[in-house]
file run.txt (compact mmCIF, C-alpha atoms (C1' of nucleotides))
# COMPACT_ATOMS: atom_id res chain seq x y z
CA MET P 551 2.07 1.51 11.65
CA SER P 552 -0.42 0.39 9.07
CA ASP P 553 -0.20 3.92 7.74
CA VAL P 554 3.48 3.52 7.03
CA PHE P 555 2.95 0.53 4.75
CA ALA P 556 0.05 2.33 3.06
CA ALA P 557 2.21 5.40 2.56
CA LEU P 558 4.93 3.31 0.93
CA ALA P 559 2.50 1.62 -1.43
CA ASN P 560 2.57 4.55 -3.83
CA PRO P 561 5.55 4.99 -6.22
CA THR P 562 5.30 8.78 -6.19
CA ARG P 563 5.59 8.81 -2.40
CA ARG P 564 8.56 6.43 -2.47
CA GLU P 565 10.20 8.73 -4.99
CA LEU P 566 9.54 11.72 -2.73
CA LEU P 567 11.29 9.94 0.10
CA ARG P 568 14.22 9.16 -2.17
CA LEU P 569 14.51 12.79 -3.23
CA LEU P 570 14.46 13.98 0.36
CA ARG P 571 17.04 11.38 1.29
CA GLU P 572 19.40 12.27 -1.55
CA THR P 573 19.00 16.03 -1.72
CA GLY P 574 17.92 16.99 1.78
CA GLU P 575 15.11 19.29 2.82
CA GLN P 576 13.29 21.05 0.01
CA PRO P 577 10.28 23.29 -0.62
CA VAL P 578 7.25 21.82 -2.32
CA GLN P 579 7.78 23.46 -5.69
CA ARG P 580 11.26 22.07 -6.04
CA LEU P 581 9.99 18.60 -5.23
CA ALA P 582 7.16 19.04 -7.73
CA ASP P 583 9.66 19.80 -10.50
CA HIS P 584 10.60 16.12 -10.51
CA PHE P 585 7.11 14.88 -11.23
CA ASP P 586 4.66 15.02 -14.10
CA MET P 587 1.90 15.98 -11.73
CA ARG P 588 0.21 19.15 -10.49
CA ARG P 589 1.33 20.68 -7.26
CA PRO P 590 -1.86 20.09 -5.26
CA SER P 591 -1.50 16.35 -5.88
CA LEU P 592 2.02 16.51 -4.55
CA SER P 593 0.73 18.35 -1.52
CA GLU P 594 -1.64 15.49 -0.86
CA HIS P 595 1.13 12.92 -1.16
CA LEU P 596 3.20 14.98 1.24
CA LYS P 597 0.28 15.02 3.64
CA VAL P 598 0.07 11.24 3.55
CA LEU P 599 3.79 11.04 4.26
CA LYS P 600 3.46 13.55 7.07
CA ASP P 601 0.55 11.67 8.65
CA ALA P 602 2.66 8.52 8.53
CA GLY P 603 5.44 10.40 10.29
CA LEU P 604 7.80 9.96 7.36
CA VAL P 605 8.40 13.66 6.72
CA VAL P 606 8.25 16.84 8.74
CA GLU P 607 7.61 20.33 7.47
CA GLN P 608 9.20 23.50 8.60
CA PRO P 609 7.73 26.87 7.55
CA VAL P 610 10.34 29.30 6.30
CA GLY P 611 8.85 32.51 5.01
CA ARG P 612 6.24 31.58 2.49
CA GLN P 613 7.89 28.28 1.81
CA ARG P 614 7.54 25.02 3.71
CA LEU P 615 10.62 22.93 3.76
CA TYR P 616 9.99 19.22 3.89
CA SER P 617 12.56 16.85 5.23
CA LEU P 618 12.87 13.13 5.71
CA CYS P 619 11.90 11.60 9.03
CA PRO P 620 13.02 8.00 8.75
CA GLU P 621 12.03 6.59 12.15
CA PRO P 622 8.85 4.90 10.92
CA LEU P 623 10.92 3.04 8.37
CA ARG P 624 12.59 1.37 11.27
CA GLU P 625 9.24 -0.16 12.15
CA VAL P 626 9.11 -1.57 8.64
CA ALA P 627 12.59 -2.98 9.07
CA ASP P 628 11.53 -4.49 12.39
CA TRP P 629 8.46 -6.01 10.76
CA LEU P 630 10.71 -7.43 8.10
CA SER P 631 13.30 -8.96 10.36
CA PRO P 632 11.48 -12.21 11.27
CA TYR P 633 11.44 -13.03 7.56
CA GLU P 634 15.10 -12.45 7.11
CA ARG P 635 16.16 -15.91 8.18
CA PHE P 636 13.74 -17.33 5.59
CA TRP P 637 15.30 -15.68 2.62
CA ARG P 638 18.76 -16.36 3.99
CA ALA P 639 17.76 -20.01 4.26
CA ARG P 640 16.50 -19.99 0.69
CA LEU P 641 19.72 -18.44 -0.55
CA ALA P 642 21.71 -20.98 1.42
CA ASP P 643 19.66 -23.74 -0.23
CA LEU P 644 20.36 -22.24 -3.62
CA ARG P 645 24.06 -22.05 -2.91
CA ASP P 646 24.03 -25.68 -1.80
CA VAL P 647 22.31 -26.69 -5.03
CA LEU P 648 24.78 -24.72 -7.09
CA ASP P 649 27.66 -26.32 -5.21
CA GLU P 650 26.26 -29.72 -6.15
CA LEU P 651 26.28 -28.94 -9.86
CA PRO P 652 29.23 -30.23 -11.87
CA ASP P 653 31.62 -27.59 -13.15
CA GLU P 654 31.31 -26.61 -16.76
CA MET T 1437 8.47 -4.50 -7.05
CA SER T 1438 5.77 -1.90 -6.80
CA ASP T 1439 3.44 -4.89 -6.42
CA VAL T 1440 5.27 -6.02 -3.32
CA PHE T 1441 4.73 -2.72 -1.53
CA ALA T 1442 1.10 -2.70 -2.64
CA ALA T 1443 0.67 -6.26 -1.38
CA LEU T 1444 2.08 -5.30 2.02
CA ALA T 1445 -0.19 -2.28 2.32
CA ASN T 1446 -3.10 -4.41 3.53
CA PRO T 1447 -3.18 -5.65 7.17
CA THR T 1448 -4.99 -8.86 6.27
CA ARG T 1449 -2.26 -9.76 3.81
CA ARG T 1450 0.49 -8.99 6.31
CA GLU T 1451 -1.30 -11.23 8.80
CA LEU T 1452 -1.49 -13.99 6.18
CA LEU T 1453 2.25 -13.76 5.71
CA ARG T 1454 2.78 -13.94 9.45
CA LEU T 1455 0.60 -17.04 9.73
CA LEU T 1456 2.48 -18.77 6.94
CA ARG T 1457 5.77 -17.83 8.52
CA GLU T 1458 4.81 -19.07 11.98
CA THR T 1459 2.79 -22.15 11.13
CA GLY T 1460 4.12 -23.18 7.73
CA GLU T 1461 2.15 -24.17 4.65
CA GLN T 1462 -1.61 -24.34 5.08
CA PRO T 1463 -4.79 -24.87 3.07
CA VAL T 1464 -7.05 -21.89 2.43
CA GLN T 1465 -9.79 -22.91 4.86
CA ARG T 1466 -7.37 -23.15 7.75
CA LEU T 1467 -6.00 -19.69 6.98
CA ALA T 1468 -9.54 -18.35 6.71
CA ASP T 1469 -10.30 -19.56 10.24
CA HIS T 1470 -8.13 -16.76 11.58
CA PHE T 1471 -10.12 -13.99 9.92
CA ASP T 1472 -13.53 -12.45 10.25
CA MET T 1473 -13.94 -12.51 6.50
CA ARG T 1474 -15.53 -14.79 3.88
CA ARG T 1475 -13.35 -17.26 2.11
CA PRO T 1476 -13.57 -15.73 -1.39
CA SER T 1477 -12.12 -12.51 -0.01
CA LEU T 1478 -9.23 -14.46 1.43
CA SER T 1479 -8.75 -16.11 -1.95
CA GLU T 1480 -8.40 -12.67 -3.48
CA HIS T 1481 -5.84 -11.62 -0.91
CA LEU T 1482 -3.92 -14.80 -1.57
CA LYS T 1483 -4.01 -14.02 -5.28
CA VAL T 1484 -2.49 -10.61 -4.64
CA LEU T 1485 0.25 -12.22 -2.56
CA LYS T 1486 0.84 -14.83 -5.24
CA ASP T 1487 1.06 -12.19 -7.99
CA ALA T 1488 3.61 -10.35 -5.87
CA GLY T 1489 5.60 -13.59 -5.56
CA LEU T 1490 5.16 -13.67 -1.80
CA VAL T 1491 3.42 -17.04 -1.63
CA VAL T 1492 3.29 -20.18 -3.75
CA GLU T 1493 0.46 -22.67 -3.94
CA GLN T 1494 0.75 -26.40 -4.26
CA PRO T 1495 -2.37 -28.47 -5.12
CA VAL T 1496 -2.77 -31.52 -2.91
CA GLY T 1497 -5.94 -33.42 -3.59
CA ARG T 1498 -8.77 -30.98 -3.37
CA GLN T 1499 -6.78 -28.65 -1.18
CA ARG T 1500 -4.24 -26.02 -2.20
CA LEU T 1501 -1.47 -25.56 0.25
CA TYR T 1502 -0.07 -22.05 0.42
CA SER T 1503 3.39 -21.39 1.67
CA LEU T 1504 5.57 -18.36 2.23
CA CYS T 1505 7.94 -17.24 -0.48
CA PRO T 1506 10.02 -14.51 1.15
CA GLU T 1507 12.38 -13.50 -1.68
CA PRO T 1508 10.42 -10.37 -2.66
CA LEU T 1509 10.72 -9.16 0.92
CA ARG T 1510 14.42 -8.98 0.33
CA GLU T 1511 13.75 -6.33 -2.30
CA VAL T 1512 11.90 -4.36 0.34
CA ALA T 1513 14.85 -4.74 2.70
CA ASP T 1514 17.16 -3.58 -0.08
CA TRP T 1515 14.93 -0.57 -0.74
CA LEU T 1516 15.06 0.20 2.95
CA SER T 1517 18.79 -0.07 3.41
CA PRO T 1518 19.78 3.42 2.15
CA TYR T 1519 17.57 4.86 4.89
CA GLU T 1520 19.15 2.81 7.62
CA ARG T 1521 22.02 5.18 8.24
CA PHE T 1522 19.48 7.99 8.68
CA TRP T 1523 17.64 6.45 11.55
CA ARG T 1524 20.88 5.29 13.05
CA ALA T 1525 22.08 8.88 12.86
CA ARG T 1526 18.89 10.12 14.51
CA LEU T 1527 19.24 7.61 17.32
CA ALA T 1528 22.84 8.62 17.78
CA ASP T 1529 21.74 12.25 17.98
CA LEU T 1530 19.16 11.32 20.56
CA ARG T 1531 21.72 9.46 22.62
CA ASP T 1532 24.04 12.48 22.48
CA VAL T 1533 21.25 14.73 23.70
CA LEU T 1534 20.43 12.35 26.53
CA ASP T 1535 24.07 12.20 27.51
CA GLU T 1536 24.08 15.97 27.80
CA LEU T 1537 21.22 16.01 30.28
CA PRO T 1538 22.09 16.30 33.94
CA ASP T 1539 21.49 13.20 36.05
CA GLU T 1540 18.37 13.18 38.19
C1' DT G 287 -22.35 -42.40 -9.17
C1' DT G 288 -23.61 -39.08 -6.16
C1' DG G 289 -23.30 -36.06 -2.52
C1' DA G 290 -20.11 -33.33 0.34
C1' DC G 291 -16.14 -30.63 0.47
C1' DC G 292 -12.26 -27.40 -1.18
C1' DG G 293 -11.49 -23.36 -3.30
C1' DG G 294 -11.52 -20.30 -7.37
C1' DT G 295 -14.33 -16.88 -10.42
C1' DA G 296 -18.11 -13.50 -11.67
C1' DG G 297 -20.25 -9.53 -10.74
C1' DG G 298 -21.55 -5.78 -7.90
C1' DA G 299 -21.67 -2.33 -3.94
C1' DA G 300 -19.28 0.74 -1.08
C1' DA G 301 -15.20 2.83 0.24
C1' DT G 302 -10.83 4.67 -0.78
C1' DC G 303 -7.17 6.47 -3.81
C1' DT G 304 -5.28 9.51 -7.07
C1' DC G 305 -5.53 12.83 -9.97
C1' DC G 306 -7.55 17.29 -11.60
C1' DT G 307 -9.22 22.58 -11.59
C1' DA G 308 -10.61 26.36 -8.91
C1' DC G 309 -9.90 28.91 -5.08
C1' DC G 310 -8.08 30.54 -0.61
C1' DT G 311 -4.58 32.42 2.84
C1' DA G 312 -0.07 34.02 3.97
C1' DT G 313 4.21 36.14 2.81
C1' DT G 314 7.26 38.89 0.09
C1' DG G 315 8.96 42.70 -2.73
C1' DT G 316 7.93 47.07 -5.10
C1' DA H 526 -1.06 49.06 -0.56
C1' DC H 527 -0.67 45.78 -4.30
C1' DA H 528 0.88 42.34 -7.34
C1' DA H 529 3.31 38.07 -7.38
C1' DT H 530 4.65 33.87 -5.22
C1' DA H 531 4.31 29.55 -2.14
C1' DG H 532 1.40 26.20 -0.97
C1' DG H 533 -2.77 24.26 1.28
C1' DT H 534 -7.99 23.10 0.78
C1' DA H 535 -12.55 22.06 -1.59
C1' DG H 536 -14.91 19.37 -4.48
C1' DG H 537 -15.36 16.11 -8.06
C1' DA H 538 -14.23 12.48 -11.68
C1' DG H 539 -12.46 8.11 -12.59
C1' DA H 540 -9.81 4.12 -11.17
C1' DT H 541 -8.87 0.81 -7.80
C1' DT H 542 -9.55 -1.80 -3.51
C1' DT H 543 -12.07 -4.60 -0.57
C1' DC H 544 -15.63 -6.77 0.76
C1' DC H 545 -19.91 -9.52 -0.30
C1' DT H 546 -23.23 -13.41 -2.44
C1' DA H 547 -23.89 -16.65 -5.99
C1' DC H 548 -22.01 -19.97 -8.60
C1' DC H 549 -18.67 -23.14 -10.82
C1' DG H 550 -15.33 -27.10 -11.44
C1' DG H 551 -12.44 -30.61 -9.35
C1' DT H 552 -11.70 -34.25 -5.79
C1' DC H 553 -12.91 -37.60 -2.33
C1' DA H 554 -15.77 -40.94 0.12
C1' DA H 555 -19.89 -43.76 0.58
call {"tool": "encode", "arguments": {"input": "run.txt", "output": "structure tokens"}}
result
Amino acid sequence: MSDVFAALANPTRRELLRLLRETGEQPVQRLADHFDMRRPSLSEHLKVLKDAGLVVEQPVGRQRLYSLCPEPLREVADWLSPYERFWRARLADLRDVLDELPDE
Amino acid sequence: MSDVFAALANPTRRELLRLLRETGEQPVQRLADHFDMRRPSLSEHLKVLKDAGLVVEQPVGRQRLYSLCPEPLREVADWLSPYERFWRARLADLRDVLDELPDE
DNA sequence: TTGACCGGTAGGAAATCTCCTACCTATTGT
DNA sequence: ACAATAGGTAGGAGATTTCCTACCGGTCAA
């Protein structure tokens, strides 16, 4: 659980998740093409994501296809949900204030 | 934005947010009571949260009351939303599989 | 005014993160 | 069998995080 938040803390890893979401499962080299970074570093980021349960790998020949595994993100969404009413309340307050302003 | 994810990566800071959400605005010392950690460390965590826009401080006498500022969490929820359909899909798949199983 | 209290800052130690190069294994195609 | 390709691992450098103790300024109460 804590690992999921830690995994999301890094912009490269968030971008990896976005790529996998938008373009589906991909081998490491194709993912690496999108980054100004050496492949071993990408491998490490993928390992962090895998340990957090956010991706799964499937060996195919000499490639390993990585694909998105979004379940842990649901835990993040669940963690987030008790706060939702707060920002809704704030937005409601803002709307009320705006409603009070005279037209211009 | 990146700061918000980084701020959430630490369990102590997530717990601080929870305390502020459940018990409302509080001075530093009262927050520190909940942690096995010296006060200056808590001050640093509060600074990270403040820089991420997740809390605001209000000086009252010699105290500084911290309170939750949940707007940046909305950005996290927005970041999360494109993934929502994925875990819904996975759950739907799971349900389909379970439906296929014979009763026992 | 002076002591006690609240809480931030300075500076440092230890751990962790994030990148690198070098190297290794496994698989594929010739 | 051999060269080329895919990708993980080892080990290390430098940056960052996370804690600490020591200290500082501001506020309150006697």
call {"tool": "atom_distance", "arguments": {"input": "run.txt", "atom1": "CA of Ala639 in chain P", "atom2": "CA of Pro1518 in chain T"}}
result
23.6 Å
call {"tool": "interface_residues", "arguments": {"input": "run.txt", "of": "chain P", "to": "chain G", "cutoff": "12 Å", "atoms": "only C-alpha atoms (C1' of nucleotides)", "output": "list in words"}}
result
Ala556, Ala557, Ala559, Asn560, Pro561, Thr562, Arg563, Asp586, Met587, Arg588, Arg589, Pro590, Ser591, Leu592, Ser593, Glu594, His595, Val598, Pro609, Val610, Gly611, Arg612, Gln613 and Arg614 of chain P
call {"tool": "closest_residue", "arguments": {"input": "run.txt", "among": "T:Trp1523, T:Phe1471, T:Tyr1502, T:Trp1515", "to": "chain P", "atoms": "only C-alpha atoms"}}
result
T:Trp1523
call {"tool": "interface_residues", "arguments": {"input": "run.txt", "of": "chain P", "to": "chain T", "cutoff": "8 Å", "atoms": "only C-alpha atoms", "output": "PDB file with C-alpha atoms, in the coordinates of the input"}}
result
ATOM      1  CA  SER P 552      -0.420   0.390   9.070  1.00  0.00           C
ATOM      2  CA  PHE P 555       2.950   0.530   4.750  1.00  0.00           C
ATOM      3  CA  ALA P 556       0.050   2.330   3.060  1.00  0.00           C
ATOM      4  CA  LEU P 558       4.930   3.310   0.930  1.00  0.00           C
ATOM      5  CA  ALA P 559       2.500   1.620  -1.430  1.00  0.00           C
ATOM      6  CA  ASN P 560       2.570   4.550  -3.830  1.00  0.00           C
ATOM      7  CA  PRO P 561       5.550   4.990  -6.220  1.00  0.00           C
ATOM      8  CA  ARG P 571      17.040  11.380   1.290  1.00  0.00           C
ATOM      9  CA  PRO P 620      13.020   8.000   8.750  1.00  0.00           C
ATOM     10  CA  GLU P 621      12.030   6.590  12.150  1.00  0.00           C
ATOM     11  CA  LEU P 623      10.920   3.040   8.370  1.00  0.00           C
ATOM     12  CA  ARG P 624      12.590   1.370  11.270  1.00  0.00           C
ATOM     13  CA  ALA P 627      12.590  -2.980   9.070  1.00  0.00           C
ATOM     14  CA  LEU P 630      10.710  -7.430   8.100  1.00  0.00           C
ATOM     15  CA  TYR P 633      11.440 -13.030   7.560  1.00  0.00           C
ATOM     16  CA  GLU P 634      15.100 -12.450   7.110  1.00  0.00           C
ATOM     17  CA  PHE P 636      13.740 -17.330   5.590  1.00  0.00           C
ATOM     18  CA  TRP P 637      15.300 -15.680   2.620  1.00  0.00           C
TER      19      TRP P 637
END
call {"tool": "interface_residues", "arguments": {"input": "run.txt", "of": "chain H", "to": "chain P", "cutoff": "12 Å", "atoms": "all atoms listed in the file", "output": "list in words"}}
result
DT530, DA531, DG532, DG533, DT534 and DA535 of chain H
call {"tool": "decode", "arguments": {"input": "run.txt", "residues": "chain G", "atoms": "C-alpha atoms (C1' of nucleotides)", "output": "compact mmCIF listing (two decimals), in the first residue's frame"}}
result
# COMPACT_ATOMS: atom_id res chain seq x y z
C1' DT G 287 10.96 42.04 32.73
C1' DT G 288 11.84 37.46 32.87
C1' DG G 289 11.08 32.79 32.52
C1' DA G 290 8.36 29.21 30.18
C1' DC G 291 6.32 27.73 26.09
C1' DC G 292 5.44 27.21 20.87
C1' DG G 293 7.52 26.17 16.88
C1' DG G 294 10.76 27.12 13.07
C1' DT G 295 15.80 26.79 11.25
C1' DA G 296 20.72 25.05 10.92
C1' DG G 297 23.56 21.49 10.22
C1' DG G 298 24.73 16.76 10.04
C1' DA G 299 24.33 11.53 9.83
C1' DA G 300 22.36 7.63 7.79
C1' DA G 301 19.42 5.70 4.56
C1' DT G 302 17.28 5.68 0.21
C1' DC G 303 16.64 7.11 -4.63
C1' DT G 304 18.00 7.69 -9.24
C1' DC G 305 20.95 7.59 -12.52
C1' DC G 306 25.13 5.60 -14.81
C1' DT G 307 28.59 1.89 -17.05
C1' DA G 308 29.92 -2.76 -17.27
C1' DC G 309 28.57 -7.21 -17.49
C1' DC G 310 25.67 -11.40 -17.53
C1' DT G 311 22.07 -14.82 -19.26
C1' DA G 312 18.69 -16.24 -22.53
C1' DT G 313 16.80 -16.34 -27.06
C1' DT G 314 16.88 -15.85 -31.97
C1' DG G 315 18.49 -16.12 -36.73
C1' DT G 316 22.21 -17.40 -39.93
